[in-house]
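Novice: Handing over data_13.csv, CSV, C-alpha atoms and all ligand atoms.
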chain,number,residue,atom,x,y,z
A,1,MET,CA,178.7,62.2,83.9
A,2,ALA,CA,177.6,65.6,85.2
A,3,THR,CA,179.7,67.0,88.0
A,4,VAL,CA,178.6,67.7,91.5
A,5,THR,CA,177.9,71.3,92.3
A,6,ILE,CA,177.9,72.6,95.9
A,7,GLU,CA,176.5,76.1,96.7
A,8,ARG,CA,175.2,77.9,99.8
A,9,PRO,CA,172.3,80.2,98.7
A,10,ALA,CA,171.3,81.0,102.3
A,11,ALA,CA,172.6,80.4,105.8
A,12,ARG,CA,172.0,76.8,106.9
A,13,VAL,CA,171.0,75.8,103.4
A,14,LEU,CA,173.4,73.8,101.2
A,15,ARG,CA,172.7,72.8,97.6
A,16,VAL,CA,174.4,69.6,96.6
A,17,ALA,CA,173.5,69.0,92.9
A,18,LEU,CA,174.0,65.3,92.1
A,19,PRO,CA,173.9,63.5,88.8
A,20,SER,CA,170.6,61.7,88.7
A,21,PRO,CA,168.3,59.8,86.3
A,22,THR,CA,166.2,62.9,85.6
A,23,LEU,CA,164.6,64.3,82.5
A,24,PRO,CA,166.9,66.1,80.0
A,25,PRO,CA,167.9,68.9,79.6
A,26,ALA,CA,168.3,68.7,83.5
A,27,THR,CA,171.0,66.2,84.5
A,28,THR,CA,171.1,66.6,88.3
A,29,THR,CA,168.8,66.6,91.3
A,30,ASN,CA,169.6,68.9,94.2
A,31,ALA,CA,170.0,67.3,97.6
A,32,TRP,CA,169.1,70.2,99.9
A,33,VAL,CA,170.9,70.1,103.2
A,34,LEU,CA,168.9,72.0,105.8
A,35,GLY,CA,170.6,72.9,109.0
A,36,GLU,CA,174.2,73.2,110.1
A,37,ASP,CA,175.5,70.6,112.6
A,38,ASP,CA,172.2,68.6,112.7
A,39,VAL,CA,170.8,68.4,109.2
A,40,LEU,CA,167.8,67.2,107.2
A,41,VAL,CA,168.6,66.1,103.6
A,42,VAL,CA,165.9,66.6,101.1
A,43,ASP,CA,165.7,64.4,97.9
A,44,PRO,CA,169.0,62.6,97.7
A,45,GLY,CA,168.1,61.4,94.2
A,46,SER,CA,171.2,59.7,92.8
A,47,PRO,CA,171.2,55.9,92.5
A,48,TRP,CA,175.0,55.9,91.6
A,49,PRO,CA,177.9,55.2,94.0
A,50,GLU,CA,180.0,58.2,93.0
A,51,PRO,CA,177.5,61.0,93.6
A,52,GLN,CA,176.3,59.2,96.7
A,53,ALA,CA,179.9,59.3,98.0
A,54,ALA,CA,180.2,63.0,97.0
A,55,LEU,CA,177.0,63.7,99.1
A,56,LEU,CA,178.5,61.8,102.1
A,57,GLU,CA,181.6,63.9,101.7
A,58,ALA,CA,179.6,67.1,101.7
A,59,LEU,CA,177.9,65.9,104.8
A,60,ALA,CA,181.1,65.1,106.7
A,61,GLY,CA,181.0,66.4,110.3
A,62,ARG,CA,177.3,66.8,110.3
A,63,ARG,CA,174.6,64.6,111.9
A,64,VAL,CA,171.9,63.6,109.5
A,65,LYS,CA,168.6,63.6,111.5
A,66,GLY,CA,166.3,62.7,108.6
A,67,VAL,CA,166.2,62.0,104.9
A,68,VAL,CA,163.2,63.8,103.5
A,69,LEU,CA,161.4,63.2,100.2
A,70,THR,CA,159.3,65.8,98.4
A,71,HIS,CA,157.7,63.0,96.3
A,72,HIS,CA,158.3,59.5,95.0
A,73,HIS,CA,159.8,60.0,91.6
A,74,VAL,CA,163.0,58.1,90.8
A,75,ASP,CA,165.2,61.1,90.4
A,76,HIS,CA,164.3,62.2,94.0
A,77,MET,CA,164.3,59.0,96.0
A,78,SER,CA,167.0,56.9,94.5
A,79,GLY,CA,169.7,57.8,97.0
A,80,ALA,CA,167.4,57.9,100.1
A,81,ARG,CA,167.8,54.3,101.3
A,82,ALA,CA,171.6,54.4,100.9
A,83,LEU,CA,171.9,57.7,102.9
A,84,ALA,CA,169.4,56.7,105.5
A,85,GLU,CA,171.4,53.5,106.1
A,86,ALA,CA,174.8,55.2,106.1
A,87,ALA,CA,173.5,57.9,108.6
A,88,GLY,CA,171.2,55.7,110.7
A,89,ALA,CA,168.5,58.2,110.0
A,90,PRO,CA,164.8,57.8,109.3
A,91,ILE,CA,163.1,58.6,105.9
A,92,LEU,CA,160.3,61.1,106.1
A,93,CYS,CA,157.7,61.6,103.5
A,94,HIS,CA,153.9,62.0,102.8
A,95,PRO,CA,151.9,58.8,103.4
A,96,LEU,CA,150.9,58.9,99.7
A,97,THR,CA,154.6,58.9,98.7
A,98,ALA,CA,155.3,56.0,101.1
A,99,ALA,CA,152.3,54.1,99.5
A,100,ALA,CA,153.6,54.9,95.9
A,101,LEU,CA,157.0,53.5,96.9
A,102,GLY,CA,155.6,50.6,98.9
A,103,TRP,CA,157.8,51.6,101.8
A,104,ALA,CA,156.4,50.7,105.2
A,105,ASP,CA,159.1,52.1,107.5
A,106,THR,CA,159.0,55.8,106.7
A,107,LEU,CA,157.8,58.5,109.1
A,108,PRO,CA,154.7,60.3,107.9
A,109,VAL,CA,154.8,64.1,107.1
A,110,VAL,CA,151.5,65.8,106.3
A,111,GLU,CA,150.3,69.4,105.7
A,112,GLY,CA,151.3,71.7,108.6
A,113,ASP,CA,153.9,69.4,110.2
A,114,ARG,CA,157.0,71.3,111.4
A,115,LEU,CA,160.4,69.8,110.7
A,116,GLU,CA,162.6,71.5,113.3
A,117,ILE,CA,166.3,71.5,112.8
A,118,GLY,CA,168.8,73.9,114.6
A,119,PRO,CA,167.1,77.3,114.9
A,120,ASP,CA,164.8,76.7,111.9
A,121,ALA,CA,161.4,75.2,111.4
A,122,TRP,CA,160.4,74.0,107.9
A,123,VAL,CA,156.6,73.7,107.7
A,124,ALA,CA,155.2,71.0,105.3
A,125,MET,CA,152.8,72.2,102.6
A,126,HIS,CA,151.0,69.4,100.8
A,127,THR,CA,151.0,70.4,97.1
A,128,PRO,CA,149.7,67.6,94.9
A,129,GLY,CA,149.4,68.0,91.2
A,130,HIS,CA,152.8,66.8,90.0
A,131,ALA,CA,152.6,63.8,92.3
A,132,ARG,CA,149.9,63.0,94.8
A,133,GLY,CA,152.1,63.0,97.9
A,134,HIS,CA,154.2,66.1,96.9
A,135,LEU,CA,155.4,68.2,99.8
A,136,CYS,CA,157.0,71.6,99.9
A,137,PHE,CA,158.8,72.9,103.0
A,138,HIS,CA,158.6,76.5,104.0
A,139,ASP,CA,160.8,78.3,106.5
A,140,GLU,CA,158.3,81.0,107.3
A,141,ALA,CA,160.7,83.0,109.4
A,142,ARG,CA,163.1,83.5,106.6
A,143,GLY,CA,160.9,83.2,103.6
A,144,VAL,CA,162.7,80.2,102.1
A,145,VAL,CA,160.8,77.4,100.5
A,146,VAL,CA,161.9,74.0,99.2
A,147,VAL,CA,159.6,73.4,96.2
A,148,GLY,CA,160.6,70.0,94.9
A,149,ASP,CA,159.1,69.7,91.4
A,150,MET,CA,156.6,72.5,91.6
A,151,ILE,CA,159.0,74.7,89.6
A,152,ALA,CA,162.4,74.1,88.0
A,153,ALA,CA,165.4,76.3,87.4
A,154,GLU,CA,166.6,73.8,84.8
A,155,GLY,CA,164.4,71.7,82.4
A,156,THR,CA,160.6,71.5,82.7
A,157,ILE,CA,158.2,70.0,85.2
A,158,ILE,CA,156.2,67.2,83.5
A,159,LEU,CA,152.6,66.6,84.6
A,160,ALA,CA,151.9,63.1,83.5
A,161,PRO,CA,148.5,61.5,84.0
A,162,PRO,CA,147.2,59.6,85.9
A,163,ASP,CA,149.3,60.8,88.8
A,164,ALA,CA,149.2,64.4,87.7
A,165,ASP,CA,146.4,66.8,88.2
A,166,LEU,CA,146.7,70.2,86.6
A,167,ALA,CA,144.0,71.9,88.7
A,168,ALA,CA,145.7,70.8,91.9
A,169,PHE,CA,149.1,71.8,90.5
A,170,LEU,CA,147.9,75.3,89.7
A,171,ALA,CA,146.3,75.6,93.2
A,172,GLY,CA,149.7,74.6,94.6
A,173,LEU,CA,151.4,77.3,92.6
A,174,ARG,CA,148.9,79.8,93.8
A,175,ARG,CA,149.5,78.8,97.4
A,176,LEU,CA,153.2,79.1,96.9
A,177,GLU,CA,152.8,82.5,95.2
A,178,GLY,CA,150.9,83.8,98.3
A,179,CYS,CA,152.9,82.2,101.0
A,180,GLY,CA,155.4,85.0,101.4
A,181,ALA,CA,158.5,83.1,100.4
A,182,THR,CA,161.2,85.1,98.6
A,183,LEU,CA,163.7,82.3,97.9
A,184,ALA,CA,162.6,79.1,96.2
A,185,LEU,CA,164.8,76.0,96.3
A,186,PRO,CA,163.9,73.8,93.4
A,187,ALA,CA,164.9,70.2,92.8
A,188,HIS,CA,166.6,71.0,89.5
A,189,GLY,CA,168.9,74.0,89.0
A,190,PRO,CA,170.0,76.8,91.3
A,191,ALA,CA,168.0,78.6,94.0
A,192,LEU,CA,165.5,81.1,92.6
A,193,PRO,CA,165.2,84.6,94.2
A,194,GLU,CA,162.0,86.6,93.6
A,195,ALA,CA,160.1,83.4,94.2
A,196,ALA,CA,156.6,84.8,94.1
A,197,ALA,CA,157.1,86.2,90.5
A,198,ILE,CA,158.4,82.9,89.4
A,199,PHE,CA,155.4,80.9,90.8
A,200,ARG,CA,153.1,83.4,89.1
A,201,GLN,CA,155.0,83.1,85.8
A,202,ASN,CA,154.8,79.3,85.9
A,203,ARG,CA,151.1,79.4,86.6
A,204,LEU,CA,150.3,81.9,83.8
A,205,HIS,CA,152.4,79.8,81.4
A,206,ARG,CA,150.3,76.7,82.2
A,207,GLU,CA,147.1,78.6,82.0
A,208,ALA,CA,148.1,79.9,78.5
A,209,ARG,CA,148.8,76.4,77.5
A,210,THR,CA,145.3,75.3,78.6
A,211,ALA,CA,143.9,78.2,76.6
A,212,ALA,CA,145.8,77.2,73.5
A,213,CYS,CA,144.6,73.6,74.0
A,214,ARG,CA,141.0,74.8,74.3
A,215,ALA,CA,141.4,76.7,71.1
A,216,ALA,CA,142.9,73.8,69.2
A,217,LEU,CA,140.0,71.4,70.0
A,218,GLY,CA,137.3,71.1,67.3
A,219,ALA,CA,134.4,68.9,66.3
A,220,GLU,CA,136.8,66.5,64.5
A,221,PRO,CA,138.4,64.0,66.9
A,222,GLN,CA,142.2,64.5,67.3
A,223,SER,CA,144.8,62.5,69.3
A,224,ALA,CA,147.1,64.3,71.8
A,225,ASP,CA,150.0,63.8,69.3
A,226,GLU,CA,147.9,65.5,66.5
A,227,LEU,CA,147.1,68.5,68.8
A,228,VAL,CA,150.8,69.1,69.7
A,229,PRO,CA,151.7,71.4,66.8
A,230,ALA,CA,148.6,73.7,67.4
A,231,VAL,CA,149.5,74.1,71.1
A,232,TYR,CA,153.3,74.0,71.2
A,233,GLY,CA,154.1,75.3,67.7
A,234,PRO,CA,157.0,73.7,65.7
A,235,ILE,CA,159.0,71.6,68.2
A,236,PRO,CA,161.7,68.9,67.5
A,237,ALA,CA,160.1,65.5,66.7
A,238,GLU,CA,161.9,63.8,69.6
A,239,ILE,CA,160.1,65.9,72.2
A,240,VAL,CA,156.6,65.4,70.6
A,241,PRO,CA,155.8,62.4,72.8
A,242,LEU,CA,156.6,64.3,76.0
A,243,ALA,CA,154.6,67.3,74.8
A,244,ALA,CA,151.7,65.0,74.1
A,245,ILE,CA,151.9,63.6,77.7
A,246,GLN,CA,151.9,67.2,79.0
A,247,LEU,CA,149.0,68.0,76.7
A,248,CYS,CA,147.0,65.2,78.2
A,249,ALA,CA,147.1,67.0,81.6
A,250,HIS,CA,145.5,70.0,80.0
A,251,LEU,CA,143.0,67.9,78.1
A,252,GLU,CA,142.0,66.0,81.3
A,253,TRP,CA,141.5,69.4,83.1
A,254,LEU,CA,139.3,70.6,80.2
A,255,ALA,CA,137.4,67.4,80.4
A,256,GLN,CA,136.8,67.8,84.1
A,257,ALA,CA,135.6,71.3,83.4
A,258,GLY,CA,133.1,69.9,80.8
A,259,GLU,CA,134.9,71.6,77.9
A,260,ALA,CA,136.5,68.6,76.2
A,261,VAL,CA,135.4,65.0,75.4
A,262,GLU,CA,137.6,62.0,75.0
A,263,ARG,CA,136.6,58.8,73.0
A,264,GLY,CA,139.2,56.1,72.4
A,265,GLY,CA,142.2,58.4,72.9
A,266,ARG,CA,140.8,61.1,70.6
A,267,TRP,CA,139.6,64.5,71.7
A,268,THR,CA,136.9,66.9,70.6
A,269,ARG,CA,135.4,70.1,72.0
A,270,ALA,CA,132.4,69.5,74.2
A,271,GLN,CA,129.1,70.4,72.4
A,272,ALA,CA,127.5,73.4,74.1
A,301,ZN,ZN,159.0,64.6,89.9
Translate this file's structure into structure tokens.
Ligand SMILES: [Zn+2]

Specialist:
Amino acid sequence: MATVTIERPAARVLRVALPSPTLPPATTTNAWVLGEDDVLVVDPGSPWPEPQAALLEALAGRRVKGVVLTHHHVDHMSGARALAEAAGAPILCHPLTAAALGWADTLPVVEGDRLEIGPDAWVAMHTPGHARGHLCFHDEARGVVVVGDMIAAEGTIILAPPDADLAAFLAGLRRLEGCGATLALPAHGPALPEAAAIFRQNRLHREARTAACRAALGAEPQSADELVPAVYGPIPAEIVPLAAIQLCAHLEWLAQAGEAVERGGRWTRAQA
């Protein structure tokens, strides 16, 4: 099992990276502890007793005021109930996240809400695309932003239809790029300085993929699997299914834009 990593990339920000059921090559999800004596804990994602105990140990001496979820995916929410119960704290998330989880007892957080803790205020940004209820949290005074699965310092962010929406995801990256943040706190991997450049890089990378996808479409119907080599080049056979899922997000976007047509799971270029 991966080990627990604890780092402090900024004052009143603690990264506790816990082993979680996430997508390889990432093996951990960061529980971001915001605050000093009173804290909010974002995305305690480990379902396993040992990492959960390690998190409680890291939190010793602090008062957990809320357990916050960026979105509903299993590697982000799996430790939320256990921590909320241990700390006697509420769970806060977007109503769409609560609906996806079927949780009726969470406190709603929507675009523009301010989560105040100690001297800091973390402003919620609703950034759907990876997941419908996805939230980021921006400390505007310090230029620090919790980005959940909008970017990753380890592994890749999967956009899987039907929950994913590439156009919304790219709009979210554009918003983050322009928000003035200089330090991004991703769910997987260490904190990322030069945040704006990284948001931009990620957006350009996705846009290049869409362009490759557009170029690979022809008059002959092809499945997403068949399109993978043309878009991704030679990749190991075991990651072709993931690449195909990813490709579908690009294909759906092209379909929305009237550039691609799908029939029975096979894709062609739209006739002009
Ligand atoms: Zn996710």

Novice: Would you name the residues within 7 Å of ligand ZN 301 (chain A), counting only C-alpha atoms and all ligand atoms, and put them as a short mmCIF file (atom, residue, chain, number, x, y, z; two decimals) with C-alpha atoms, in the frame of the given file?

Specialist:
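As a result, out_18.cif now contains:
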data_model
loop_
_atom_site.label_atom_id
_atom_site.label_comp_id
_atom_site.auth_asym_id
_atom_site.auth_seq_id
_atom_site.Cartn_x
_atom_site.Cartn_y
_atom_site.Cartn_z
CA HIS A 71 157.70 63.00 96.30
CA HIS A 73 159.80 60.00 91.60
CA HIS A 130 152.80 66.80 90.00
CA ALA A 131 152.60 63.80 92.30
CA ASP A 149 159.10 69.70 91.40
#

Novice: Find, counting all atoms listed in the file, the residue in A:Ala255, A:Val261, A:Leu23, A:Ala54 that gets nearest to A:Ala167.

Specialist: A:Ala255

Novice: Could you tell me how far atom CA of A:Ala191 lies from atom CA of A:Ala82, in Å and to one decimal?

Specialist: 25.4 Å

Novice: Would you compute the distance between atom CA of A:Ala89 and atom CA of A:Val68? Give it in Å to one decimal.

Specialist: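 These two atoms are separated by 10.1 Å.
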
Novice: Select, from A:Glu252, A:Glu111, A:Asp225, A:Glu177, the residue with the minimum atom-to-atom distance to A:Ile151, counting all atoms listed in the file.

Specialist: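 Closest residue, counting all atoms listed in the file: A:Glu177.
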
Novice: Given the choices A:Ala249, A:Ala100, A:Ala60, A:Ala10, which gets closest to A:Pro162 if the distance is worked out from all atoms listed in the file?

Specialist: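 Nearest candidate to A:Pro162 out of A:Ala249, A:Ala100, A:Ala60, A:Ala10: A:Ala249.
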